[in-house]
file data-v4.tsv (TSV, N, CA and C atoms)
chain	number	residue	atom	x	y	z
A	1	MET	N	-105.98	204.43	-127.31
A	1	MET	CA	-104.81	203.76	-127.87
A	1	MET	C	-104.26	202.81	-126.81
A	2	PHE	N	-103.92	201.57	-127.21
A	2	PHE	CA	-103.41	200.57	-126.29
A	2	PHE	C	-101.90	200.69	-126.15
A	3	ILE	N	-101.37	200.17	-125.04
A	3	ILE	CA	-99.93	200.21	-124.79
A	3	ILE	C	-99.17	199.55	-125.94
A	4	LEU	N	-99.69	198.42	-126.44
A	4	LEU	CA	-98.99	197.72	-127.53
A	4	LEU	C	-98.95	198.58	-128.80
A	5	ASP	N	-100.02	199.36	-129.04
A	5	ASP	CA	-100.00	200.26	-130.20
A	5	ASP	C	-98.93	201.33	-130.05
A	6	ILE	N	-98.79	201.86	-128.84
A	6	ILE	CA	-97.77	202.87	-128.57
A	6	ILE	C	-96.39	202.27	-128.78
A	7	MET	N	-96.19	201.07	-128.22
A	7	MET	CA	-94.87	200.45	-128.33
A	7	MET	C	-94.57	200.04	-129.76
A	8	ASP	N	-95.59	199.65	-130.53
A	8	ASP	CA	-95.37	199.29	-131.91
A	8	ASP	C	-94.85	200.50	-132.69
A	9	GLY	N	-95.32	201.67	-132.34
A	9	GLY	CA	-94.84	202.90	-132.97
A	9	GLY	C	-93.42	203.25	-132.59
A	10	MET	N	-92.94	202.70	-131.46
A	10	MET	CA	-91.57	202.97	-131.01
A	10	MET	C	-90.56	202.05	-131.69
A	11	ASN	N	-91.02	201.00	-132.33
A	11	ASN	CA	-90.11	200.03	-132.95
A	11	ASN	C	-89.31	200.71	-134.06
A	12	ARG	N	-88.00	200.69	-133.91
A	12	ARG	CA	-87.11	201.32	-134.89
A	12	ARG	C	-86.18	200.26	-135.47
A	13	PRO	N	-85.93	200.29	-136.76
A	13	PRO	CA	-84.98	199.33	-137.31
A	13	PRO	C	-83.56	199.66	-136.88
A	14	ALA	N	-82.85	198.68	-136.40
A	14	ALA	CA	-81.45	198.87	-136.02
A	14	ALA	C	-80.58	198.40	-137.16
A	15	LYS	N	-79.43	199.04	-137.33
A	15	LYS	CA	-78.53	198.68	-138.43
A	15	LYS	C	-77.98	197.28	-138.29
A	16	SER	N	-77.63	196.88	-137.06
A	16	SER	CA	-77.03	195.56	-136.88
A	16	SER	C	-77.89	194.73	-135.95
A	17	ARG	N	-78.72	193.89	-136.52
A	17	ARG	CA	-79.59	193.02	-135.73
A	17	ARG	C	-79.20	191.57	-135.95
A	18	SER	N	-79.23	190.81	-134.88
A	18	SER	CA	-78.99	189.38	-135.02
A	18	SER	C	-80.33	188.70	-135.18
A	19	ALA	N	-80.33	187.41	-135.51
A	19	ALA	CA	-81.57	186.67	-135.68
A	19	ALA	C	-82.36	186.64	-134.39
A	20	ALA	N	-81.68	186.66	-133.25
A	20	ALA	CA	-82.36	186.59	-131.96
A	20	ALA	C	-83.13	187.87	-131.65
A	21	THR	N	-82.72	188.99	-132.22
A	21	THR	CA	-83.37	190.26	-131.89
A	21	THR	C	-84.42	190.66	-132.89
A	22	THR	N	-84.59	189.95	-134.01
A	22	THR	CA	-85.53	190.39	-135.03
A	22	THR	C	-86.97	190.27	-134.59
A	23	ASN	N	-87.31	189.35	-133.67
A	23	ASN	CA	-88.68	189.20	-133.21
A	23	ASN	C	-88.97	190.02	-131.96
A	24	ALA	N	-87.99	190.70	-131.43
A	24	ALA	CA	-88.16	191.48	-130.21
A	24	ALA	C	-88.48	192.92	-130.56
A	25	LEU	N	-89.17	193.57	-129.64
A	25	LEU	CA	-89.43	194.99	-129.77
A	25	LEU	C	-88.09	195.71	-129.61
A	26	THR	N	-87.80	196.65	-130.49
A	26	THR	CA	-86.53	197.38	-130.43
A	26	THR	C	-86.80	198.86	-130.21
A	27	VAL	N	-86.13	199.42	-129.20
A	27	VAL	CA	-86.28	200.84	-128.90
A	27	VAL	C	-84.91	201.45	-128.66
A	28	THR	N	-84.83	202.75	-128.81
A	28	THR	CA	-83.58	203.44	-128.50
A	28	THR	C	-83.45	203.58	-126.99
A	29	ALA	N	-82.27	203.88	-126.53
A	29	ALA	CA	-82.05	204.08	-125.09
A	29	ALA	C	-82.89	205.24	-124.57
A	30	THR	N	-83.01	206.28	-125.36
A	30	THR	CA	-83.82	207.43	-124.95
A	30	THR	C	-85.28	207.03	-124.80
A	31	GLU	N	-85.79	206.27	-125.77
A	31	GLU	CA	-87.18	205.81	-125.68
A	31	GLU	C	-87.37	204.89	-124.48
A	32	ALA	N	-86.38	204.05	-124.20
A	32	ALA	CA	-86.47	203.15	-123.06
A	32	ALA	C	-86.57	203.94	-121.76
A	33	LYS	N	-85.83	205.03	-121.67
A	33	LYS	CA	-85.88	205.86	-120.45
A	33	LYS	C	-87.24	206.53	-120.30
A	34	THR	N	-87.78	207.04	-121.39
A	34	THR	CA	-89.02	207.80	-121.29
A	34	THR	C	-90.26	206.91	-121.22
A	35	ARG	N	-90.17	205.69	-121.70
A	35	ARG	CA	-91.34	204.79	-121.72
A	35	ARG	C	-91.04	203.47	-121.00
A	36	PHE	N	-90.31	203.55	-119.90
A	36	PHE	CA	-89.90	202.33	-119.19
A	36	PHE	C	-91.08	201.50	-118.69
A	37	GLY	N	-92.10	202.14	-118.16
A	37	GLY	CA	-93.26	201.41	-117.62
A	37	GLY	C	-93.89	200.45	-118.61
A	38	PRO	N	-94.30	200.93	-119.79
A	38	PRO	CA	-94.89	200.02	-120.78
A	38	PRO	C	-93.91	198.95	-121.27
A	39	LEU	N	-92.64	199.32	-121.38
A	39	LEU	CA	-91.64	198.34	-121.81
A	39	LEU	C	-91.46	197.25	-120.76
A	40	LEU	N	-91.48	197.64	-119.50
A	40	LEU	CA	-91.40	196.68	-118.41
A	40	LEU	C	-92.58	195.71	-118.46
A	41	GLU	N	-93.76	196.24	-118.70
A	41	GLU	CA	-94.95	195.38	-118.81
A	41	GLU	C	-94.81	194.39	-119.97
A	42	THR	N	-94.24	194.83	-121.07
A	42	THR	CA	-94.00	193.94	-122.21
A	42	THR	C	-93.07	192.80	-121.80
A	43	ALA	N	-92.00	193.14	-121.11
A	43	ALA	CA	-91.05	192.12	-120.66
A	43	ALA	C	-91.69	191.17	-119.66
A	44	ILE	N	-92.46	191.70	-118.72
A	44	ILE	CA	-93.11	190.86	-117.72
A	44	ILE	C	-94.06	189.87	-118.38
A	45	ARG	N	-94.72	190.29	-119.44
A	45	ARG	CA	-95.65	189.40	-120.15
A	45	ARG	C	-94.93	188.40	-121.04
A	46	GLY	N	-93.60	188.43	-121.05
A	46	GLY	CA	-92.85	187.43	-121.80
A	46	GLY	C	-92.21	187.93	-123.07
A	47	GLY	N	-92.37	189.20	-123.39
A	47	GLY	CA	-91.74	189.75	-124.57
A	47	GLY	C	-90.35	190.26	-124.25
A	48	ALA	N	-89.51	190.27	-125.23
A	48	ALA	CA	-88.16	190.82	-125.05
A	48	ALA	C	-88.14	192.22	-125.63
A	49	VAL	N	-87.38	193.10	-125.01
A	49	VAL	CA	-87.22	194.47	-125.49
A	49	VAL	C	-85.73	194.71	-125.70
A	50	VAL	N	-85.34	194.96	-126.93
A	50	VAL	CA	-83.95	195.24	-127.27
A	50	VAL	C	-83.76	196.75	-127.19
A	51	ILE	N	-82.73	197.17	-126.48
A	51	ILE	CA	-82.44	198.59	-126.33
A	51	ILE	C	-81.18	198.91	-127.12
A	52	THR	N	-81.30	199.88	-128.02
A	52	THR	CA	-80.17	200.23	-128.87
A	52	THR	C	-79.57	201.56	-128.45
A	53	LYS	N	-78.30	201.72	-128.79
A	53	LYS	CA	-77.62	203.00	-128.60
A	53	LYS	C	-76.80	203.22	-129.87
A	54	HIS	N	-77.01	204.32	-130.51
A	54	HIS	CA	-76.36	204.63	-131.79
A	54	HIS	C	-76.62	203.52	-132.80
A	55	ASP	N	-77.89	203.08	-132.87
A	55	ASP	CA	-78.36	202.05	-133.82
A	55	ASP	C	-77.74	200.67	-133.62
A	56	THR	N	-77.13	200.43	-132.46
A	56	THR	CA	-76.52	199.13	-132.18
A	56	THR	C	-77.18	198.54	-130.94
A	57	PRO	N	-77.66	197.29	-131.01
A	57	PRO	CA	-78.25	196.67	-129.81
A	57	PRO	C	-77.24	196.61	-128.68
A	58	ARG	N	-77.62	197.12	-127.49
A	58	ARG	CA	-76.71	197.19	-126.35
A	58	ARG	C	-77.23	196.43	-125.13
A	59	ALA	N	-78.55	196.25	-125.01
A	59	ALA	CA	-79.11	195.59	-123.83
A	59	ALA	C	-80.46	194.97	-124.19
A	60	VAL	N	-80.90	194.05	-123.33
A	60	VAL	CA	-82.20	193.41	-123.52
A	60	VAL	C	-82.94	193.42	-122.19
A	61	LEU	N	-84.19	193.78	-122.22
A	61	LEU	CA	-85.05	193.75	-121.04
A	61	LEU	C	-85.90	192.49	-121.14
A	62	LEU	N	-85.78	191.61	-120.12
A	62	LEU	CA	-86.50	190.33	-120.09
A	62	LEU	C	-87.22	190.16	-118.77
A	63	SER	N	-88.22	189.27	-118.77
A	63	SER	CA	-88.85	188.90	-117.51
A	63	SER	C	-87.88	188.00	-116.74
A	64	MET	N	-88.10	187.88	-115.43
A	64	MET	CA	-87.26	186.99	-114.62
A	64	MET	C	-87.37	185.55	-115.12
A	65	ALA	N	-88.55	185.13	-115.52
A	65	ALA	CA	-88.73	183.76	-116.01
A	65	ALA	C	-87.87	183.52	-117.25
A	66	GLU	N	-87.87	184.48	-118.18
A	66	GLU	CA	-87.04	184.35	-119.38
A	66	GLU	C	-85.56	184.35	-119.02
A	67	PHE	N	-85.16	185.23	-118.11
A	67	PHE	CA	-83.77	185.32	-117.69
A	67	PHE	C	-83.31	184.00	-117.07
A	68	GLU	N	-84.11	183.44	-116.17
A	68	GLU	CA	-83.76	182.17	-115.53
A	68	GLU	C	-83.73	181.03	-116.54
A	69	ALA	N	-84.63	181.06	-117.53
A	69	ALA	CA	-84.64	180.03	-118.57
A	69	ALA	C	-83.37	180.07	-119.41
A	70	LEU	N	-82.76	181.24	-119.51
A	70	LEU	CA	-81.51	181.38	-120.26
A	70	LEU	C	-80.28	181.01	-119.43
A	71	GLY	N	-80.49	180.62	-118.19
A	71	GLY	CA	-79.37	180.22	-117.35
A	71	GLY	C	-79.05	181.20	-116.27
A	72	GLY	N	-79.71	182.34	-116.26
A	72	GLY	CA	-79.51	183.29	-115.18
A	72	GLY	C	-80.20	182.76	-113.94
A	73	SER	N	-79.78	183.20	-112.81
A	73	SER	CA	-80.41	182.71	-111.59
A	73	SER	C	-80.49	183.82	-110.56
A	74	ARG	N	-81.36	183.61	-109.63
A	74	ARG	CA	-81.47	184.56	-108.53
A	74	ARG	C	-80.29	184.37	-107.61
A	75	GLN	N	-79.99	185.40	-106.84
A	75	GLN	CA	-78.91	185.29	-105.87
A	75	GLN	C	-79.36	184.34	-104.77
A	76	PRO	N	-78.46	183.49	-104.31
A	76	PRO	CA	-78.85	182.56	-103.26
A	76	PRO	C	-79.23	183.31	-101.99
A	77	ASP	N	-80.16	182.73	-101.24
A	77	ASP	CA	-80.56	183.37	-99.99
A	77	ASP	C	-79.56	183.05	-98.89
A	78	LEU	N	-79.70	183.70	-97.75
A	78	LEU	CA	-78.76	183.55	-96.65
A	78	LEU	C	-78.70	182.11	-96.15
A	79	LYS	N	-79.83	181.42	-96.13
A	79	LYS	CA	-79.86	180.03	-95.66
A	79	LYS	C	-78.99	179.14	-96.56
A	80	THR	N	-79.10	179.33	-97.86
A	80	THR	CA	-78.30	178.54	-98.82
A	80	THR	C	-76.82	178.85	-98.65
A	81	LEU	N	-76.48	180.14	-98.54
A	81	LEU	CA	-75.08	180.52	-98.36
A	81	LEU	C	-74.51	179.98	-97.05
A	82	SER	N	-75.30	180.01	-95.99
A	82	SER	CA	-74.84	179.47	-94.70
A	82	SER	C	-74.57	177.98	-94.80
A	83	LYS	N	-75.44	177.27	-95.50
A	83	LYS	CA	-75.28	175.82	-95.67
A	83	LYS	C	-73.99	175.51	-96.46
A	84	GLU	N	-73.74	176.29	-97.53
A	84	GLU	CA	-72.52	176.10	-98.31
A	84	GLU	C	-71.28	176.39	-97.47
A	85	PHE	N	-71.33	177.45	-96.68
A	85	PHE	CA	-70.20	177.81	-95.83
A	85	PHE	C	-69.94	176.72	-94.80
A	86	ASP	N	-71.00	176.22	-94.17
A	86	ASP	CA	-70.84	175.15	-93.18
A	86	ASP	C	-70.21	173.90	-93.80
A	87	GLY	N	-70.60	173.56	-95.03
A	87	GLY	CA	-70.01	172.41	-95.72
A	87	GLY	C	-68.54	172.62	-96.01
A	88	LEU	N	-68.18	173.81	-96.46
A	88	LEU	CA	-66.78	174.13	-96.73
A	88	LEU	C	-65.97	174.08	-95.44
A	89	LEU	N	-66.48	174.66	-94.39
A	89	LEU	CA	-65.79	174.65	-93.11
A	89	LEU	C	-65.59	173.22	-92.60
A	90	ALA	N	-66.58	172.38	-92.75
A	90	ALA	CA	-66.46	170.98	-92.31
A	90	ALA	C	-65.36	170.26	-93.09
A	91	ARG	N	-65.27	170.53	-94.41
A	91	ARG	CA	-64.22	169.88	-95.22
A	91	ARG	C	-62.84	170.37	-94.81
A	92	LEU	N	-62.73	171.62	-94.37
A	92	LEU	CA	-61.43	172.16	-93.96
A	92	LEU	C	-61.02	171.70	-92.56
A	93	GLN	N	-61.93	171.15	-91.81
A	93	GLN	CA	-61.65	170.74	-90.44
A	93	GLN	C	-61.19	169.28	-90.32
A	94	THR	N	-61.06	168.57	-91.43
A	94	THR	CA	-60.61	167.17	-91.36
A	94	THR	C	-59.12	167.15	-91.02
A	95	PRO	N	-58.64	166.06	-90.42
A	95	PRO	CA	-57.20	165.96	-90.11
A	95	PRO	C	-56.32	166.12	-91.36
A	96	ALA	N	-56.73	165.52	-92.47
A	96	ALA	CA	-55.92	165.63	-93.70
A	96	ALA	C	-55.84	167.08	-94.18
A	97	SER	N	-56.96	167.79	-94.12
A	97	SER	CA	-56.96	169.20	-94.54
A	97	SER	C	-56.09	170.04	-93.62
A	98	ARG	N	-56.16	169.76	-92.34
A	98	ARG	CA	-55.34	170.52	-91.40
A	98	ARG	C	-53.85	170.29	-91.65
A	99	ARG	N	-53.46	169.03	-91.92
A	99	ARG	CA	-52.05	168.72	-92.21
A	99	ARG	C	-51.61	169.44	-93.49
A	100	ALA	N	-52.45	169.41	-94.52
A	100	ALA	CA	-52.10	170.05	-95.79
A	100	ALA	C	-51.94	171.56	-95.61
A	101	LEU	N	-52.84	172.16	-94.86
A	101	LEU	CA	-52.76	173.60	-94.62
A	101	LEU	C	-51.52	173.95	-93.82
A	102	LYS	N	-51.22	173.18	-92.80
A	102	LYS	CA	-50.02	173.42	-91.99
A	102	LYS	C	-48.77	173.27	-92.85
A	103	SER	N	-48.77	172.26	-93.72
A	103	SER	CA	-47.64	172.03	-94.61
A	103	SER	C	-47.44	173.23	-95.55
A	104	ALA	N	-48.53	173.78	-96.06
A	104	ALA	CA	-48.44	174.92	-96.96
A	104	ALA	C	-47.88	176.14	-96.24
A	105	PHE	N	-48.34	176.37	-95.01
A	105	PHE	CA	-47.86	177.53	-94.25
A	105	PHE	C	-46.41	177.36	-93.81
A	106	ASP	N	-45.97	176.12	-93.58
A	106	ASP	CA	-44.60	175.86	-93.13
A	106	ASP	C	-43.61	175.74	-94.29
A	107	ALA	N	-44.09	175.70	-95.53
A	107	ALA	CA	-43.21	175.49	-96.68
A	107	ALA	C	-42.31	176.72	-96.90
A	108	THR	N	-41.11	176.45	-97.38
A	108	THR	CA	-40.19	177.53	-97.71
A	108	THR	C	-40.60	178.14	-99.05
A	109	PRO	N	-40.16	179.34	-99.33
A	109	PRO	CA	-40.46	179.93	-100.64
A	109	PRO	C	-39.95	179.07	-101.80
A	110	LYS	N	-38.78	178.44	-101.62
A	110	LYS	CA	-38.23	177.59	-102.67
A	110	LYS	C	-39.14	176.38	-102.92
A	111	ALA	N	-39.65	175.78	-101.84
A	111	ALA	CA	-40.55	174.63	-101.98
A	111	ALA	C	-41.86	175.05	-102.65
A	112	LEU	N	-42.38	176.21	-102.27
A	112	LEU	CA	-43.60	176.71	-102.89
A	112	LEU	C	-43.39	176.97	-104.38
A	113	GLY	N	-42.23	177.49	-104.74
A	113	GLY	CA	-41.90	177.73	-106.14
A	113	GLY	C	-41.86	176.44	-106.93
A	114	ARG	N	-41.23	175.40	-106.37
A	114	ARG	CA	-41.18	174.10	-107.05
A	114	ARG	C	-42.59	173.53	-107.25
A	115	LEU	N	-43.42	173.65	-106.22
A	115	LEU	CA	-44.79	173.15	-106.33
A	115	LEU	C	-45.59	173.92	-107.38
A	116	ALA	N	-45.37	175.22	-107.45
A	116	ALA	CA	-46.07	176.04	-108.43
A	116	ALA	C	-45.67	175.64	-109.85
A	117	VAL	N	-44.38	175.43	-110.07
A	117	VAL	CA	-43.89	175.02	-111.40
A	117	VAL	C	-44.45	173.65	-111.75
A	118	ALA	N	-44.41	172.71	-110.80
A	118	ALA	CA	-44.92	171.36	-111.06
A	118	ALA	C	-46.43	171.40	-111.37
A	119	ASN	N	-47.17	172.22	-110.64
A	119	ASN	CA	-48.59	172.35	-110.87
A	119	ASN	C	-48.88	172.95	-112.26
A	120	GLN	N	-48.09	173.93	-112.66
A	120	GLN	CA	-48.25	174.55	-113.97
A	120	GLN	C	-47.97	173.54	-115.08
A	121	ARG	N	-46.96	172.70	-114.91
A	121	ARG	CA	-46.64	171.69	-115.93
A	121	ARG	C	-47.75	170.66	-116.06
A	122	ARG	N	-48.43	170.38	-114.96
A	122	ARG	CA	-49.55	169.43	-115.01
A	122	ARG	C	-50.79	170.06	-115.64
A	123	GLY	N	-50.74	171.35	-115.88
A	123	GLY	CA	-51.88	172.05	-116.47
A	123	GLY	C	-52.82	172.61	-115.44
A	124	GLY	N	-52.33	172.80	-114.22
A	124	GLY	CA	-53.20	173.29	-113.15
A	124	GLY	C	-53.30	174.75	-113.04

call {"tool": "encode", "arguments": {"input": "data-v4.tsv", "output": "structure tokens"}}
result
Amino acid sequence: MFILDIMDGMNRPAKSRSAATTNALTVTATEAKTRFGPLLETAIRGGAVVITKHDTPRAVLLSMAEFEALGGSRQPDLKTLSKEFDGLLARLQTPASRRALKSAFDATPKALGRLAVANQRRGG
């Protein structure tokens, strides 16, 4: 018996399915726990696996390629984060930024309140 035959037998109709989940393999949470290996292989090969709990779709198992295609992304690496931090730090080190920061720290509570109200009125 092939893995796909086993998984085809696990397919259960869910009470509330959307159009996006009708072409995906659907399993219960219990089945997902006991047969995670074959389900993972299905996802890696590009198939989606919908996991239900109490007959309601609750999660989807996808390959990384599918996840990224949907707008998900990997976490940035340390080099990328360091570059972003260095850029932010450089922008904060300009004379104008330093004056603005000093002004904010030296402002009275009343002045800060007026600025907050004005910013809120502008839609900020």

call {"tool": "residues_around", "arguments": {"input": "data-v4.tsv", "residues": "stretch 42-46 of chain A", "least_positions_apart": "2", "cutoff": "6 Å", "atoms": "only C-alpha atoms", "output": "PyMOL selection string"}}
result
chain A and resi 39-40+48+62-63

call {"tool": "select_by_dssp", "arguments": {"input": "data-v4.tsv", "residues": "stretch 23-85 of chain A", "states": "alpha helix (DSSP H)", "output": "list in words"}}
result
Ala29, Thr30, Glu31, Ala32, Lys33, Thr34, Phe36, Gly37, Pro38, Leu39, Leu40, Glu41, Thr42, Ala43, Ile44, Met64, Ala65, Glu66, Phe67, Glu68, Ala69, Leu78, Lys79, Thr80, Leu81, Ser82, Lys83, Glu84 and Phe85 of chain A

call {"tool": "closest_residue", "arguments": {"input": "data-v4.tsv", "among": "A:Arg98, A:Gly47, A:Ala118, A:Leu78", "to": "A:Met64", "atoms": "only C-alpha atoms"}}
result
A:Gly47

call {"tool": "closest_residue", "arguments": {"input": "data-v4.tsv", "among": "A:Arg121, A:Arg99, A:Lys53, A:Arg114", "to": "A:Thr28", "atoms": "all atoms listed in the file"}}
result
A:Lys53

call {"tool": "select_by_dssp", "arguments": {"input": "data-v4.tsv", "residues": "chain A", "states": "strand (DSSP E)", "output": "NGL selection string"}}
result
:A and (25-28 or 49-53 or 56-61)

call {"tool": "atom_distance", "arguments": {"input": "data-v4.tsv", "atom1": "atom CA of A:Ala29", "atom2": "atom N of A:His54"}}
result
7.4 Å

call {"tool": "residues_near_point", "arguments": {"input": "data-v4.tsv", "point": "(-82.0, 197.3, -123.1)", "cutoff": "8 Å", "atoms": "only C-alpha atoms", "output": "list in words"}}
result
Ala29, Ala32, Val49, Val50, Ile51, Thr52, Pro57, Arg58, Ala59, Val60 and Leu61 of chain A

call {"tool": "write_last_selection", "arguments": {"input": "data-v4.tsv", "atoms": "N, CA and C atoms", "output": "PDB file, in the frame of the given file"}}
result
ATOM      1  N   ALA A  29     -82.270 203.880-126.530  1.00  0.00           N
ATOM      2  CA  ALA A  29     -82.050 204.080-125.090  1.00  0.00           C
ATOM      3  C   ALA A  29     -82.890 205.240-124.570  1.00  0.00           C
ATOM      4  N   ALA A  32     -86.380 204.050-124.200  1.00  0.00           N
ATOM      5  CA  ALA A  32     -86.470 203.150-123.060  1.00  0.00           C
ATOM      6  C   ALA A  32     -86.570 203.940-121.760  1.00  0.00           C
ATOM      7  N   VAL A  49     -87.380 193.100-125.010  1.00  0.00           N
ATOM      8  CA  VAL A  49     -87.220 194.470-125.490  1.00  0.00           C
ATOM      9  C   VAL A  49     -85.730 194.710-125.700  1.00  0.00           C
ATOM     10  N   VAL A  50     -85.340 194.960-126.930  1.00  0.00           N
ATOM     11  CA  VAL A  50     -83.950 195.240-127.270  1.00  0.00           C
ATOM     12  C   VAL A  50     -83.760 196.750-127.190  1.00  0.00           C
ATOM     13  N   ILE A  51     -82.730 197.170-126.480  1.00  0.00           N
ATOM     14  CA  ILE A  51     -82.440 198.590-126.330  1.00  0.00           C
ATOM     15  C   ILE A  51     -81.180 198.910-127.120  1.00  0.00           C
ATOM     16  N   THR A  52     -81.300 199.880-128.020  1.00  0.00           N
ATOM     17  CA  THR A  52     -80.170 200.230-128.870  1.00  0.00           C
ATOM     18  C   THR A  52     -79.570 201.560-128.450  1.00  0.00           C
ATOM     19  N   PRO A  57     -77.660 197.290-131.010  1.00  0.00           N
ATOM     20  CA  PRO A  57     -78.250 196.670-129.810  1.00  0.00           C
ATOM     21  C   PRO A  57     -77.240 196.610-128.680  1.00  0.00           C
ATOM     22  N   ARG A  58     -77.620 197.120-127.490  1.00  0.00           N
ATOM     23  CA  ARG A  58     -76.710 197.190-126.350  1.00  0.00           C
ATOM     24  C   ARG A  58     -77.230 196.430-125.130  1.00  0.00           C
ATOM     25  N   ALA A  59     -78.550 196.250-125.010  1.00  0.00           N
ATOM     26  CA  ALA A  59     -79.110 195.590-123.830  1.00  0.00           C
ATOM     27  C   ALA A  59     -80.460 194.970-124.190  1.00  0.00           C
ATOM     28  N   VAL A  60     -80.900 194.050-123.330  1.00  0.00           N
ATOM     29  CA  VAL A  60     -82.200 193.410-123.520  1.00  0.00           C
ATOM     30  C   VAL A  60     -82.940 193.420-122.190  1.00  0.00           C
ATOM     31  N   LEU A  61     -84.190 193.780-122.220  1.00  0.00           N
ATOM     32  CA  LEU A  61     -85.050 193.750-121.040  1.00  0.00           C
ATOM     33  C   LEU A  61     -85.900 192.490-121.140  1.00  0.00           C
TER      34      LEU A  61
END

call {"tool": "atom_distance", "arguments": {"input": "data-v4.tsv", "atom1": "atom CA of A:Ser103", "atom2": "atom CA of A:Ser82"}}
result
28.2 Å

call {"tool": "atom_distance", "arguments": {"input": "data-v4.tsv", "atom1": "atom CA of A:Arg74", "atom2": "atom CA of A:Arg91"}}
result
26.3 Å

call {"tool": "axis_aligned_box", "arguments": {"input": "data-v4.tsv", "around": "stretch 40-58 of chain A", "padding_each_side": "3 Å", "output": "AutoDock Vina command-line options"}}
result
--center_x -86.0 --center_y 196.0 --center_z -125.8 --size_x 25.3 --size_y 23.2 --size_z 22.1
